[in-house]
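S.K.: Structure file data06.pdb (PDB, C-alpha atoms, pLDDT in the B column) right here:
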```pdb
ATOM      1  CA  MET A  19      -3.189  31.865 -32.066  1.00 70.00           C
ATOM      2  CA  ILE A  20      -6.511  33.459 -31.144  1.00 79.00           C
ATOM      3  CA  LEU A  21      -4.777  35.428 -28.403  1.00 78.00           C
ATOM      4  CA  LYS A  22      -2.332  36.945 -30.899  1.00 82.00           C
ATOM      5  CA  LYS A  23      -5.181  37.984 -33.185  1.00 84.00           C
ATOM      6  CA  LEU A  24      -6.826  39.704 -30.241  1.00 84.00           C
ATOM      7  CA  GLY A  25      -3.578  41.414 -29.245  1.00 85.00           C
ATOM      8  CA  ILE A  26      -3.201  39.527 -25.975  1.00 84.00           C
ATOM      9  CA  GLU A  27       0.409  38.631 -25.278  1.00 84.00           C
ATOM     10  CA  GLU A  28       0.104  37.251 -21.727  1.00 84.00           C
ATOM     11  CA  PRO A  29      -1.213  33.744 -20.943  1.00 83.00           C
ATOM     12  CA  LEU A  30      -4.969  33.716 -20.473  1.00 81.00           C
ATOM     13  CA  PHE A  31      -6.960  31.276 -18.398  1.00 83.00           C
ATOM     14  CA  PHE A  32     -10.690  30.705 -18.578  1.00 81.00           C
ATOM     15  CA  ALA A  33     -13.073  28.789 -16.385  1.00 86.00           C
ATOM     16  CA  GLN A  34     -16.810  28.436 -16.548  1.00 86.00           C
ATOM     17  CA  LEU A  35     -18.675  27.495 -13.381  1.00 83.00           C
ATOM     18  CA  ASP A  36     -22.315  26.584 -13.163  1.00 85.00           C
ATOM     19  CA  LEU A  37     -23.418  28.013  -9.820  1.00 82.00           C
ATOM     20  CA  LEU A  38     -26.549  25.875  -9.743  1.00 82.00           C
ATOM     21  CA  ASP A  39     -24.425  22.714  -9.926  1.00 79.00           C
ATOM     22  CA  LEU A  40     -22.192  24.044  -7.166  1.00 77.00           C
ATOM     23  CA  LEU A  41     -25.180  24.789  -4.939  1.00 76.00           C
ATOM     24  CA  ASP A  42     -26.531  21.278  -5.498  1.00 75.00           C
ATOM     25  CA  ALA A  43     -23.165  19.764  -4.582  1.00 74.00           C
ATOM     26  CA  LYS A  44     -22.631  21.783  -1.410  1.00 71.00           C
ATOM     27  CA  LYS A  45     -22.487  19.948   1.863  1.00 69.00           C
ATOM     28  CA  ASN A  46     -24.804  20.575   4.764  1.00 68.00           C
ATOM     29  CA  HIS A  47     -24.022  23.583   6.858  1.00 73.00           C
ATOM     30  CA  ALA A  48     -22.234  22.948  10.090  1.00 76.00           C
ATOM     31  CA  THR A  49     -24.472  23.144  13.109  1.00 82.00           C
ATOM     32  CA  PHE A  50     -23.307  24.786  16.263  1.00 86.00           C
ATOM     33  CA  SER A  51     -24.471  24.372  19.805  1.00 85.00           C
ATOM     34  CA  SER A  52     -23.645  26.453  22.815  1.00 89.00           C
ATOM     35  CA  LEU A  53     -20.901  25.351  25.147  1.00 91.00           C
ATOM     36  CA  PRO A  54     -22.037  23.361  28.172  1.00 92.00           C
ATOM     37  CA  ILE A  55     -22.809  25.424  31.252  1.00 94.00           C
ATOM     38  CA  TYR A  56     -21.871  22.663  33.673  1.00 96.00           C
ATOM     39  CA  PRO A  57     -18.423  21.073  33.769  1.00 96.00           C
ATOM     40  CA  GLY A  58     -17.750  17.564  32.651  1.00 96.00           C
ATOM     41  CA  SER A  59     -15.977  14.920  34.657  1.00 97.00           C
ATOM     42  CA  LEU A  60     -13.279  12.704  33.136  1.00 98.00           C
ATOM     43  CA  ARG A  61     -12.403   9.124  33.923  1.00 98.00           C
ATOM     44  CA  ASP A  62      -9.692   7.051  32.251  1.00 98.00           C
ATOM     45  CA  TRP A  63      -9.609   3.271  32.026  1.00 97.00           C
ATOM     46  CA  THR A  64      -6.841   1.031  30.726  1.00 96.00           C
ATOM     47  CA  VAL A  65      -7.768  -2.498  29.732  1.00 95.00           C
ATOM     48  CA  THR A  66      -5.615  -5.336  28.401  1.00 94.00           C
ATOM     49  CA  VAL A  67      -7.255  -7.130  25.480  1.00 94.00           C
ATOM     50  CA  LYS A  68      -6.367  -9.408  22.599  1.00 93.00           C
ATOM     51  CA  GLN A  69      -5.044  -7.567  19.580  1.00 90.00           C
ATOM     52  CA  SER A  70      -7.740  -9.278  17.517  1.00 90.00           C
ATOM     53  CA  LEU A  71     -10.363  -7.090  19.241  1.00 92.00           C
ATOM     54  CA  SER A  72     -10.816  -3.990  17.119  1.00 91.00           C
ATOM     55  CA  SER A  73     -10.989  -0.592  18.775  1.00 90.00           C
ATOM     56  CA  ALA A  74     -14.342   0.050  17.098  1.00 92.00           C
ATOM     57  CA  HIS A  75     -15.778  -3.166  18.587  1.00 93.00           C
ATOM     58  CA  LEU A  76     -14.475  -2.215  22.032  1.00 94.00           C
ATOM     59  CA  LEU A  77     -16.162   1.201  21.794  1.00 95.00           C
ATOM     60  CA  GLU A  78     -19.411  -0.441  20.668  1.00 94.00           C
ATOM     61  CA  MET A  79     -19.354  -2.767  23.682  1.00 93.00           C
ATOM     62  CA  ILE A  80     -18.931   0.177  26.028  1.00 94.00           C
ATOM     63  CA  LYS A  81     -21.644   2.261  24.385  1.00 92.00           C
ATOM     64  CA  GLU A  82     -24.155  -0.607  24.654  1.00 92.00           C
ATOM     65  CA  ALA A  83     -24.625   0.286  28.328  1.00 91.00           C
ATOM     66  CA  PRO A  84     -27.167   3.132  28.143  1.00 92.00           C
ATOM     67  CA  SER A  85     -26.188   6.248  30.047  1.00 95.00           C
ATOM     68  CA  LYS A  86     -27.613   9.759  30.183  1.00 95.00           C
ATOM     69  CA  LEU A  87     -24.407  11.056  31.738  1.00 97.00           C
ATOM     70  CA  LEU A  88     -21.812   9.539  29.406  1.00 97.00           C
ATOM     71  CA  LYS A  89     -21.244  12.083  26.642  1.00 96.00           C
ATOM     72  CA  GLU A  90     -18.138  10.715  24.933  1.00 96.00           C
ATOM     73  CA  VAL A  91     -15.692   7.805  24.953  1.00 97.00           C
ATOM     74  CA  THR A  92     -12.401   8.126  23.093  1.00 96.00           C
ATOM     75  CA  ILE A  93      -9.231   6.093  22.813  1.00 96.00           C
ATOM     76  CA  ILE A  94      -6.325   8.100  24.138  1.00 96.00           C
ATOM     77  CA  ASP A  95      -3.564   5.494  24.103  1.00 96.00           C
ATOM     78  CA  LEU A  96      -2.712   2.120  22.636  1.00 94.00           C
ATOM     79  CA  TYR A  97       0.354   0.242  23.848  1.00 93.00           C
ATOM     80  CA  LYS A  98       1.735  -2.926  22.295  1.00 90.00           C
ATOM     81  CA  ASN A  99       4.683  -4.477  24.075  1.00 86.00           C
ATOM     82  CA  PRO A 100       7.099  -5.581  21.330  1.00 86.00           C
ATOM     83  CA  LYS A 101       8.360  -8.420  23.548  1.00 86.00           C
ATOM     84  CA  ASP A 102       4.855  -9.801  24.186  1.00 82.00           C
ATOM     85  CA  LYS A 103       4.330 -12.946  22.126  1.00 81.00           C
ATOM     86  CA  ASN A 104       0.781 -13.454  23.451  1.00 78.00           C
ATOM     87  CA  LYS A 105      -0.697 -10.791  21.167  1.00 88.00           C
ATOM     88  CA  TRP A 106      -2.135  -8.587  23.913  1.00 91.00           C
ATOM     89  CA  HIS A 107      -2.242  -4.838  24.011  1.00 92.00           C
ATOM     90  CA  ASN A 108      -3.343  -2.134  26.422  1.00 94.00           C
ATOM     91  CA  ILE A 109      -5.992   0.366  25.372  1.00 96.00           C
ATOM     92  CA  THR A 110      -6.622   3.480  27.442  1.00 97.00           C
ATOM     93  CA  LEU A 111     -10.016   5.071  27.084  1.00 97.00           C
ATOM     94  CA  ARG A 112     -11.248   8.461  28.256  1.00 98.00           C
ATOM     95  CA  PHE A 113     -14.839   8.784  29.415  1.00 98.00           C
ATOM     96  CA  ILE A 114     -16.492  12.195  29.611  1.00 97.00           C
ATOM     97  CA  TYR A 115     -19.518  12.482  31.870  1.00 98.00           C
ATOM     98  CA  ARG A 116     -21.771  15.536  32.039  1.00 97.00           C
ATOM     99  CA  ASP A 117     -25.282  16.458  33.066  1.00 96.00           C
ATOM    100  CA  ASP A 118     -26.832  19.296  31.081  1.00 93.00           C
ATOM    101  CA  LYS A 119     -28.903  20.450  34.060  1.00 94.00           C
ATOM    102  CA  LYS A 120     -26.521  20.362  37.011  1.00 96.00           C
ATOM    103  CA  THR A 121     -22.963  19.904  38.191  1.00 96.00           C
ATOM    104  CA  LEU A 122     -22.261  16.242  38.835  1.00 96.00           C
ATOM    105  CA  LYS A 123     -20.923  15.026  42.154  1.00 97.00           C
ATOM    106  CA  HIS A 124     -17.925  12.708  42.086  1.00 96.00           C
ATOM    107  CA  GLU A 125     -19.944   9.974  43.778  1.00 97.00           C
ATOM    108  CA  SER A 126     -22.570   9.903  41.015  1.00 97.00           C
ATOM    109  CA  VAL A 127     -19.888   9.880  38.308  1.00 98.00           C
ATOM    110  CA  ASP A 128     -18.015   7.082  40.077  1.00 98.00           C
ATOM    111  CA  LYS A 129     -21.214   5.050  40.383  1.00 97.00           C
ATOM    112  CA  GLU A 130     -22.098   5.522  36.701  1.00 97.00           C
ATOM    113  CA  HIS A 131     -18.527   4.789  35.613  1.00 97.00           C
ATOM    114  CA  SER A 132     -18.447   1.577  37.671  1.00 97.00           C
ATOM    115  CA  ARG A 133     -21.759   0.451  36.174  1.00 96.00           C
ATOM    116  CA  ILE A 134     -20.488   1.015  32.623  1.00 97.00           C
ATOM    117  CA  LEU A 135     -17.157  -0.707  33.337  1.00 96.00           C
ATOM    118  CA  ASP A 136     -18.925  -3.703  34.923  1.00 95.00           C
ATOM    119  CA  SER A 137     -21.069  -4.080  31.809  1.00 94.00           C
ATOM    120  CA  ALA A 138     -18.058  -3.733  29.499  1.00 94.00           C
ATOM    121  CA  THR A 139     -15.910  -6.109  31.554  1.00 93.00           C
ATOM    122  CA  LYS A 140     -18.521  -8.872  31.272  1.00 93.00           C
ATOM    123  CA  LYS A 141     -18.634  -8.471  27.485  1.00 93.00           C
ATOM    124  CA  LEU A 142     -14.835  -8.359  27.252  1.00 92.00           C
ATOM    125  CA  THR A 143     -14.257 -11.647  29.115  1.00 90.00           C
ATOM    126  CA  PRO A 144     -13.367 -13.627  25.949  1.00 90.00           C
ATOM    127  CA  PHE A 145     -10.883 -10.916  24.961  1.00 88.00           C
ATOM    128  CA  THR A 146      -9.057 -10.399  28.258  1.00 87.00           C
ATOM    129  CA  PRO A 147      -6.386 -12.449  30.034  1.00 85.00           C
ATOM    130  CA  SER A 148      -7.644 -14.701  32.846  1.00 71.00           C
TER     131      SER A 148
END
```
Now, as a test, write the supplied structure out as structure tokens.

M.R.:
Amino acid sequence: MILKKLGIEEPLFFAQLDLLDLLDAKKNHATFSSLPIYPGSLRDWTVTVKQSLSSAHLLEMIKEAPSKLLKEVTIIDLYKNPKDKNKWHNITLRFIYRDDKKTLKHESVDKEHSRILDSATKKLTPFTPS
């Protein structure tokens, strides 16, 4: 009705935004870092565990072993055999190792990876088949 009195025949939309409220609600800015100069080294590990062990708990167990070289651990595969009645599954993890000051030699990565896996294996004993 008001639109007709004003001579506006097309639909009209109105919105009022309070910019101060929007600025208060904004999220933190993304932070960027430069790409690594030195290459990383990948290692994969597949472990058979009880399905009752959560993936988050498995990652926590692995990350409890302190390492300056281990930059990231991610789950890349999860396999559950539909015929397996024992409630086991296989989880494949990818480990990324990198030193920010030099290129790593395979021997040092293998040594660090073995140390981390030994620590994780001991903690996983109740969750793995005998």

S.K.: Using the chain letters and numbers from the file, which residues does the PyMOL selection byres ((chain A and resi 62) around 9) grab, as an mmCIF file with C-alpha atoms, keeping the file's coordinate frame?

M.R.:
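The resulting file, out21.cif, is shown below:
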```
data_model
loop_
_atom_site.group_PDB
_atom_site.id
_atom_site.type_symbol
_atom_site.label_atom_id
_atom_site.label_comp_id
_atom_site.auth_asym_id
_atom_site.auth_seq_id
_atom_site.Cartn_x
_atom_site.Cartn_y
_atom_site.Cartn_z
ATOM 1 C CA LEU A 60 -13.279 12.704 33.136
ATOM 2 C CA ARG A 61 -12.403 9.124 33.923
ATOM 3 C CA TRP A 63 -9.609 3.271 32.026
ATOM 4 C CA THR A 64 -6.841 1.031 30.726
ATOM 5 C CA ILE A 94 -6.325 8.100 24.138
ATOM 6 C CA THR A 110 -6.622 3.480 27.442
ATOM 7 C CA LEU A 111 -10.016 5.071 27.084
ATOM 8 C CA ARG A 112 -11.248 8.461 28.256
ATOM 9 C CA PHE A 113 -14.839 8.784 29.415
ATOM 10 C CA ILE A 114 -16.492 12.195 29.611
#
```

S.K.: With all atoms listed in the file as the basis for distance, which of A:Ser73, A:Asn108, A:Asp36, A:Ser126 is at the shortest distance from A:Thr92?

M.R.: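 Ranked by minimum distance to A:Thr92, first place goes to A:Ser73.
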
S.K.: Using all atoms listed in the file, which residue out of A:Ile26, A:Ile20, A:Val67, A:Leu40 lies closest to A:Asn104?

M.R.: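 The answer is A:Val67, which sits nearest to A:Asn104.
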
S.K.: Rounded to one decimal in Å, what is the spacing between atom CA of A:Leu122 and atom CA of A:Lys86?

M.R.: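 Atom-to-atom, atom CA of A:Leu122 and atom CA of A:Lys86 are spaced 12.1 Å apart.
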
S.K.: Which residue, A:Ala83, A:Ala48, A:Leu88, A:Ala43, has the smallest gap to A:Val127 when you use only C-alpha atoms?

M.R.: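 The answer is A:Leu88, which sits nearest to A:Val127.
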
S.K.: Between A:Leu96, A:Leu37, A:Leu53, A:Val91, which is the closest to A:Ser72 once you count all atoms listed in the file?

M.R.: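 The closest residue to A:Ser72 is A:Leu96.
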
S.K.: Counting only C-alpha atoms, which of A:Ser85, A:Thr121, A:Ser70, A:Ser132 gets nearest to A:Pro144?

M.R.: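 Closest candidate: A:Ser70.
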
S.K.: Name the closest residue to A:Phe145 among the candidates A:Val65, A:Ala33, A:Ala74, A:Ile93; distances are taken between atoms, counting all atoms listed in the file.

M.R.: A:Val65

S.K.: Please enclose the listed atoms of stretch 44-58 of chain A in an axis-aligned box, pad each side by 3 Å, and write out the centre and the three edge lengths in Å, rounded to one decimal, as AutoDock Vina command-line options.

M.R.:
```
--center_x -21.3 --center_y 22.0 --center_z 16.2 --size_x 13.1 --size_y 14.9 --size_z 41.2
```

S.K.: Pull out every residue that the PyMOL selection byres ((chain A and resi 69) around 7) matches in the shown coordinates and put them as a PDB file with C-alpha atoms, keeping the file's coordinate frame.

M.R.:
```pdb
ATOM      1  CA  VAL A  67      -7.255  -7.130  25.480  1.00 94.00           C
ATOM      2  CA  LYS A  68      -6.367  -9.408  22.599  1.00 93.00           C
ATOM      3  CA  SER A  70      -7.740  -9.278  17.517  1.00 90.00           C
ATOM      4  CA  LEU A  71     -10.363  -7.090  19.241  1.00 92.00           C
ATOM      5  CA  LYS A 105      -0.697 -10.791  21.167  1.00 88.00           C
ATOM      6  CA  TRP A 106      -2.135  -8.587  23.913  1.00 91.00           C
ATOM      7  CA  HIS A 107      -2.242  -4.838  24.011  1.00 92.00           C
TER       8      HIS A 107
END
```

S.K.: In Å to one decimal, how far is atom CA of A:Lys119 from atom CA of A:Ile134?

M.R.: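 Pair atom CA of A:Ile134 / atom CA of A:Lys119 returns 21.2 Å.
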
S.K.: Which distance in Å separates atom CA of A:Gly58 and atom CA of A:Asp118, to one decimal?

M.R.: 9.4 Å
